[in-house]
Amino acid sequence: MFISVKHLHENLGVNERIARFFVDRKVPDDNAFWKGRLLYIGRGNGFINIPVYYDILFRIGIPIDTLLKEEHVQNLEKIMHFAIQTEREEISFKDQLGKISGLLQGKIKNYGFYEELMSYLEQLTIKPMGRLGLLPPALNRADVFLFVLCDLVMPDDQMPSALRYWYALHPTYLLMDDIFDYRKDKENNEENAVMELGEGGVGFEKAFEIIERNILELRTINPILANSMQSQLAGLHDLVE
């Protein structure tokens, strides 16, 4: 389903130029993440996360021209390609890291963060390490996306904010998806953060508490996005009840 520039801008608070760039962008060829899709930004939190997070990076001070530079966006797309291949078990997680390392060779601007992220992701079980990672581990399953920060020119004082809002934003999307998919994931023995938080009502209660905290965090940088998430949360409460 089509996601419009108007929706991203007016309902999610995304800068109009960032919204238009991603909505109008051509779907990359031979990319597993966009395979079979006609639209770059479609329904689904995995797609909407891209312009929403890039808007947050703009809000913390990274220039739009830096964020939308063609070479950088192509790196983003290849990272997403490797990530979905790993999710579909077409390549191993180790192979994914190797391919991303090769992709970024000679392009890294934040080498200290790159090494920090690589050490974190090379753990046998990805658990919190320093400023990276959350509990339960299922909330860390998209952290490979953080490689998009490695080839951006960023002052040291911007990285903490980039991570602060990443861990408010994407785990919220993951929890919302996991609440919605709870029964299906349980039947199919799929990874699900709600199940890791506790059985039955306990898991749902903790999930809603985390989402509420994250929405408060996001409200400090994008109140429109926070309001939208609050509305989605009300619908999820109705679904569970």
# chains A, B, ... in the order shown; residues from 1 in each chain; ligands from 1
>>> residues_around(residues="Ile210 of chain A", least_positions_apart="2", cutoff="12 Å", atoms="only C-alpha atoms", output="JSON, numbers by chain")
{"A": [134, 135, 136, 139, 167, 168, 169, 170, 171, 172, 173, 174, 175, 176, 193, 194, 197, 203, 204, 205, 206, 207, 208, 212, 213, 214, 215, 216, 217, 233]}
>>> closest_atom_pairs(of="segment 137-229 of chain A", to="segment 112-117 of chain A", cutoff="8 Å", atoms="only C-alpha atoms", output="JSON lines")
{"residue": "A:Leu146", "atom": "CA", "partner": "A:Leu117", "partner_atom": "CA", "distance": 7.8}
{"residue": "A:Phe147", "atom": "CA", "partner": "A:Tyr114", "partner_atom": "CA", "distance": 7.2}
{"residue": "A:Cys150", "atom": "CA", "partner": "A:Tyr114", "partner_atom": "CA", "distance": 5.8}
>>> write_last_selection(atoms="N, CA and C atoms", output="tab-separated table (two decimals), in the first residue's frame")
chain	number	residue	atom	x	y	z
A	146	LEU	N	22.39	-0.22	12.35
A	146	LEU	CA	23.24	0.84	12.89
A	146	LEU	C	24.53	1.03	12.10
A	147	PHE	N	24.85	0.10	11.21
A	147	PHE	CA	26.00	0.30	10.32
A	147	PHE	C	25.79	1.52	9.43
A	150	CYS	N	28.01	4.44	10.24
A	150	CYS	CA	29.47	4.32	10.16
A	150	CYS	C	30.09	5.13	9.04
>>> closest_atom_pairs(of="segment 22-137 of chain A", to="segment 161-166 of chain A", cutoff="12 Å", atoms="only C-alpha atoms", output="JSON lines")
{"residue": "A:Asn49", "atom": "CA", "partner": "A:Trp166", "partner_atom": "CA", "distance": 9.8}
{"residue": "A:Ile50", "atom": "CA", "partner": "A:Trp166", "partner_atom": "CA", "distance": 11.1}
{"residue": "A:Val52", "atom": "CA", "partner": "A:Trp166", "partner_atom": "CA", "distance": 10.3}
{"residue": "A:Tyr53", "atom": "CA", "partner": "A:Trp166", "partner_atom": "CA", "distance": 7.3}
{"residue": "A:Tyr54", "atom": "CA", "partner": "A:Ala162", "partner_atom": "CA", "distance": 9.8}
{"residue": "A:Asp55", "atom": "CA", "partner": "A:Ala162", "partner_atom": "CA", "distance": 10.9}
{"residue": "A:Ile56", "atom": "CA", "partner": "A:Tyr165", "partner_atom": "CA", "distance": 7.5}
{"residue": "A:Leu57", "atom": "CA", "partner": "A:Ala162", "partner_atom": "CA", "distance": 6.4}
{"residue": "A:Phe58", "atom": "CA", "partner": "A:Ala162", "partner_atom": "CA", "distance": 9.8}
{"residue": "A:Arg59", "atom": "CA", "partner": "A:Ala162", "partner_atom": "CA", "distance": 9.8}
{"residue": "A:Ile60", "atom": "CA", "partner": "A:Ser161", "partner_atom": "CA", "distance": 6.9}
{"residue": "A:Gly61", "atom": "CA", "partner": "A:Ser161", "partner_atom": "CA", "distance": 9.9}
{"residue": "A:Ile62", "atom": "CA", "partner": "A:Ala162", "partner_atom": "CA", "distance": 9.9}
{"residue": "A:Phe113", "atom": "CA", "partner": "A:Leu163", "partner_atom": "CA", "distance": 10.9}
{"residue": "A:Leu117", "atom": "CA", "partner": "A:Leu163", "partner_atom": "CA", "distance": 11.3}
{"residue": "A:Gly130", "atom": "CA", "partner": "A:Leu163", "partner_atom": "CA", "distance": 11.7}
{"residue": "A:Arg131", "atom": "CA", "partner": "A:Leu163", "partner_atom": "CA", "distance": 8.0}
{"residue": "A:Leu132", "atom": "CA", "partner": "A:Leu163", "partner_atom": "CA", "distance": 7.8}
{"residue": "A:Gly133", "atom": "CA", "partner": "A:Leu163", "partner_atom": "CA", "distance": 9.8}
{"residue": "A:Leu134", "atom": "CA", "partner": "A:Trp166", "partner_atom": "CA", "distance": 11.3}
>>> closest_residue(among="A:Leu39, A:Val144, A:Pro137, A:Gly201", to="Asp24 of chain A", atoms="only C-alpha atoms")
A:Leu39
>>> select_by_dssp(residues="segment 58-121 of chain A", states="helix (DSSP H, G or I)", output="PyMOL selection string")
chain A and resi 58-59+64-67+70-87+93-104+111-121
>>> write_last_selection(atoms="N, CA and C atoms", output="compact mmCIF listing (two decimals), in the first residue's frame")
# COMPACT_ATOMS: atom_id res chain seq x y z
N PHE A 58 18.51 13.92 11.11
CA PHE A 58 18.50 15.33 10.70
C PHE A 58 18.22 16.23 11.90
N ARG A 59 17.29 15.83 12.74
CA ARG A 59 16.92 16.65 13.89
C ARG A 59 18.06 16.77 14.90
N ILE A 64 20.90 17.33 5.80
CA ILE A 64 20.13 16.51 4.87
C ILE A 64 20.99 16.06 3.69
N ASP A 65 21.83 16.94 3.17
CA ASP A 65 22.66 16.57 2.02
C ASP A 65 23.59 15.42 2.35
N THR A 66 24.04 15.34 3.59
CA THR A 66 24.89 14.22 4.02
C THR A 66 24.06 12.93 4.10
N LEU A 67 22.87 13.03 4.66
CA LEU A 67 22.02 11.85 4.84
C LEU A 67 21.53 11.28 3.52
N GLU A 70 24.02 9.97 -2.41
CA GLU A 70 23.73 8.74 -3.14
C GLU A 70 24.57 7.56 -2.67
N GLU A 71 25.86 7.74 -2.50
CA GLU A 71 26.70 6.62 -2.08
C GLU A 71 26.26 6.08 -0.72
N HIS A 72 25.92 6.97 0.19
CA HIS A 72 25.46 6.54 1.51
C HIS A 72 24.16 5.77 1.42
N VAL A 73 23.21 6.27 0.66
CA VAL A 73 21.91 5.60 0.56
C VAL A 73 22.07 4.23 -0.11
N GLN A 74 22.96 4.12 -1.07
CA GLN A 74 23.21 2.81 -1.68
C GLN A 74 23.81 1.84 -0.65
N ASN A 75 24.66 2.35 0.24
CA ASN A 75 25.18 1.51 1.31
C ASN A 75 24.06 1.04 2.24
N LEU A 76 23.16 1.96 2.58
CA LEU A 76 21.98 1.61 3.38
C LEU A 76 21.21 0.47 2.72
N GLU A 77 20.97 0.59 1.44
CA GLU A 77 20.18 -0.41 0.72
C GLU A 77 20.86 -1.78 0.72
N LYS A 78 22.18 -1.78 0.57
CA LYS A 78 22.89 -3.06 0.58
C LYS A 78 22.90 -3.68 1.98
N ILE A 79 22.99 -2.85 3.01
CA ILE A 79 22.89 -3.36 4.38
C ILE A 79 21.54 -4.02 4.60
N MET A 80 20.48 -3.39 4.11
CA MET A 80 19.14 -3.98 4.23
C MET A 80 19.04 -5.29 3.44
N HIS A 81 19.68 -5.34 2.30
CA HIS A 81 19.70 -6.55 1.47
C HIS A 81 20.34 -7.71 2.24
N PHE A 82 21.50 -7.46 2.84
CA PHE A 82 22.19 -8.51 3.60
C PHE A 82 21.38 -8.91 4.83
N ALA A 83 20.73 -7.92 5.46
CA ALA A 83 19.95 -8.20 6.67
C ALA A 83 18.78 -9.13 6.38
N ILE A 84 18.05 -8.87 5.30
CA ILE A 84 16.90 -9.73 5.00
C ILE A 84 17.35 -11.10 4.51
N GLN A 85 18.50 -11.17 3.85
CA GLN A 85 19.04 -12.47 3.46
C GLN A 85 19.35 -13.31 4.70
N THR A 86 19.87 -12.66 5.73
CA THR A 86 20.15 -13.36 6.98
C THR A 86 18.86 -13.81 7.65
N GLU A 87 17.87 -12.92 7.68
CA GLU A 87 16.58 -13.26 8.30
C GLU A 87 15.95 -14.47 7.60
N PHE A 93 24.61 -15.18 9.82
CA PHE A 93 24.83 -13.88 10.46
C PHE A 93 26.30 -13.47 10.32
N LYS A 94 27.21 -14.44 10.46
CA LYS A 94 28.64 -14.16 10.30
C LYS A 94 28.94 -13.68 8.90
N ASP A 95 28.36 -14.33 7.90
CA ASP A 95 28.58 -13.91 6.52
C ASP A 95 28.02 -12.51 6.28
N GLN A 96 26.89 -12.22 6.91
CA GLN A 96 26.31 -10.88 6.80
C GLN A 96 27.30 -9.82 7.28
N LEU A 97 27.91 -10.05 8.44
CA LEU A 97 28.87 -9.08 8.97
C LEU A 97 30.07 -8.94 8.03
N GLY A 98 30.50 -10.05 7.46
CA GLY A 98 31.63 -10.00 6.53
C GLY A 98 31.29 -9.19 5.28
N LYS A 99 30.09 -9.37 4.77
CA LYS A 99 29.69 -8.63 3.57
C LYS A 99 29.55 -7.14 3.87
N ILE A 100 29.02 -6.80 5.03
CA ILE A 100 28.89 -5.39 5.40
C ILE A 100 30.27 -4.77 5.61
N SER A 101 31.17 -5.53 6.23
CA SER A 101 32.54 -5.05 6.42
C SER A 101 33.19 -4.75 5.08
N GLY A 102 33.01 -5.65 4.12
CA GLY A 102 33.56 -5.42 2.78
C GLY A 102 32.92 -4.23 2.10
N LEU A 103 31.62 -4.07 2.26
CA LEU A 103 30.90 -2.95 1.67
C LEU A 103 31.44 -1.61 2.17
N LEU A 104 31.75 -1.54 3.48
CA LEU A 104 32.15 -0.27 4.09
C LEU A 104 33.65 -0.02 4.05
N TYR A 111 35.29 5.28 12.78
CA TYR A 111 35.91 3.96 12.90
C TYR A 111 35.76 3.39 14.31
N GLY A 112 35.83 4.26 15.33
CA GLY A 112 35.67 3.78 16.70
C GLY A 112 34.30 3.17 16.91
N PHE A 113 33.26 3.81 16.38
CA PHE A 113 31.92 3.25 16.52
C PHE A 113 31.77 1.97 15.69
N TYR A 114 32.38 1.95 14.51
CA TYR A 114 32.34 0.73 13.68
C TYR A 114 32.90 -0.46 14.45
N GLU A 115 34.04 -0.28 15.09
CA GLU A 115 34.65 -1.38 15.86
C GLU A 115 33.77 -1.76 17.05
N GLU A 116 33.20 -0.77 17.71
CA GLU A 116 32.29 -1.01 18.85
C GLU A 116 31.08 -1.83 18.40
N LEU A 117 30.49 -1.44 17.28
CA LEU A 117 29.31 -2.13 16.76
C LEU A 117 29.65 -3.54 16.31
N MET A 118 30.80 -3.70 15.66
CA MET A 118 31.19 -5.03 15.19
C MET A 118 31.43 -5.97 16.37
N SER A 119 32.10 -5.50 17.41
CA SER A 119 32.34 -6.34 18.60
C SER A 119 31.03 -6.77 19.24
N TYR A 120 30.10 -5.85 19.31
CA TYR A 120 28.78 -6.12 19.88
C TYR A 120 28.03 -7.19 19.07
N LEU A 121 28.05 -7.05 17.75
CA LEU A 121 27.30 -7.96 16.89
C LEU A 121 27.99 -9.30 16.69
>>> closest_residue(among="A:Ile224, A:Ile3, A:Ile91, A:Ile179", to="His237 of chain A", atoms="only C-alpha atoms")
A:Ile179
>>> atom_distance(atom1="atom CA of Pro28 of chain A", atom2="atom CA of Asp178 of chain A")
27.7 Å
>>> select_by_dssp(residues="segment 2-233 of chain A", states="strand (DSSP E or B)", output="ChimeraX atom specification")
/A:2,42,129,132
>>> closest_residue(among="A:Gly235, A:Gly46, A:Pro51, A:Gly36", to="Leu12 of chain A", atoms="only C-alpha atoms")
A:Pro51
>>> decode(residues="segment 195-218 of chain A", atoms="N, CA and C atoms", output="CSV table (one decimal), in the first residue's frame")
chain,number,residue,atom,x,y,z
A,195,MET,N,7.2,-12.7,24.1
A,195,MET,CA,7.4,-14.0,24.8
A,195,MET,C,8.6,-14.0,25.7
A,196,GLU,N,9.7,-13.3,25.3
A,196,GLU,CA,10.9,-13.2,26.1
A,196,GLU,C,10.7,-12.4,27.3
A,197,LEU,N,9.7,-11.5,27.3
A,197,LEU,CA,9.5,-10.7,28.4
A,197,LEU,C,8.7,-11.4,29.5
A,198,GLY,N,8.0,-12.4,29.2
A,198,GLY,CA,7.2,-13.2,30.1
A,198,GLY,C,6.0,-13.9,29.5
A,199,GLU,N,5.5,-14.9,30.2
A,199,GLU,CA,4.4,-15.6,29.6
A,199,GLU,C,3.1,-14.9,29.8
A,200,GLY,N,2.3,-15.0,28.8
A,200,GLY,CA,0.9,-14.4,28.9
A,200,GLY,C,0.9,-13.0,29.2
A,201,GLY,N,0.0,-12.6,30.1
A,201,GLY,CA,-0.2,-11.2,30.4
A,201,GLY,C,1.0,-10.5,30.9
A,202,VAL,N,2.0,-11.2,31.5
A,202,VAL,CA,3.2,-10.5,32.1
A,202,VAL,C,4.0,-9.9,30.9
A,203,GLY,N,4.2,-10.7,29.8
A,203,GLY,CA,4.9,-10.2,28.7
A,203,GLY,C,4.3,-9.0,28.0
A,204,PHE,N,3.0,-9.1,27.9
A,204,PHE,CA,2.3,-7.9,27.3
A,204,PHE,C,2.4,-6.7,28.2
A,205,GLU,N,2.2,-6.9,29.5
A,205,GLU,CA,2.3,-5.7,30.4
A,205,GLU,C,3.7,-5.1,30.3
A,206,LYS,N,4.7,-5.9,30.3
A,206,LYS,CA,6.1,-5.3,30.2
A,206,LYS,C,6.3,-4.6,28.8
A,207,ALA,N,5.8,-5.2,27.8
A,207,ALA,CA,5.9,-4.7,26.4
A,207,ALA,C,5.3,-3.3,26.4
A,208,PHE,N,4.1,-3.2,26.9
A,208,PHE,CA,3.4,-1.9,26.9
A,208,PHE,C,4.1,-0.9,27.7
A,209,GLU,N,4.7,-1.3,28.8
A,209,GLU,CA,5.5,-0.3,29.7
A,209,GLU,C,6.7,0.2,28.9
A,210,ILE,N,7.4,-0.7,28.2
A,210,ILE,CA,8.6,-0.3,27.4
A,210,ILE,C,8.2,0.7,26.3
A,211,ILE,N,7.1,0.4,25.6
A,211,ILE,CA,6.6,1.3,24.5
A,211,ILE,C,6.2,2.6,25.1
A,212,GLU,N,5.6,2.7,26.2
A,212,GLU,CA,5.2,3.9,26.8
A,212,GLU,C,6.4,4.8,27.1
A,213,ARG,N,7.4,4.1,27.7
A,213,ARG,CA,8.7,4.9,28.0
A,213,ARG,C,9.3,5.4,26.7
A,214,ASN,N,9.3,4.6,25.7
A,214,ASN,CA,10.0,5.0,24.4
A,214,ASN,C,9.2,6.1,23.8
A,215,ILE,N,7.9,6.1,23.9
A,215,ILE,CA,7.1,7.2,23.3
A,215,ILE,C,7.4,8.5,24.0
A,216,LEU,N,7.6,8.5,25.3
A,216,LEU,CA,8.0,9.7,26.1
A,216,LEU,C,9.4,10.2,25.6
A,217,GLU,N,10.3,9.2,25.3
A,217,GLU,CA,11.6,9.6,24.8
A,217,GLU,C,11.5,10.3,23.4
A,218,LEU,N,10.7,9.7,22.6
A,218,LEU,CA,10.6,10.2,21.2
A,218,LEU,C,9.9,11.5,21.2
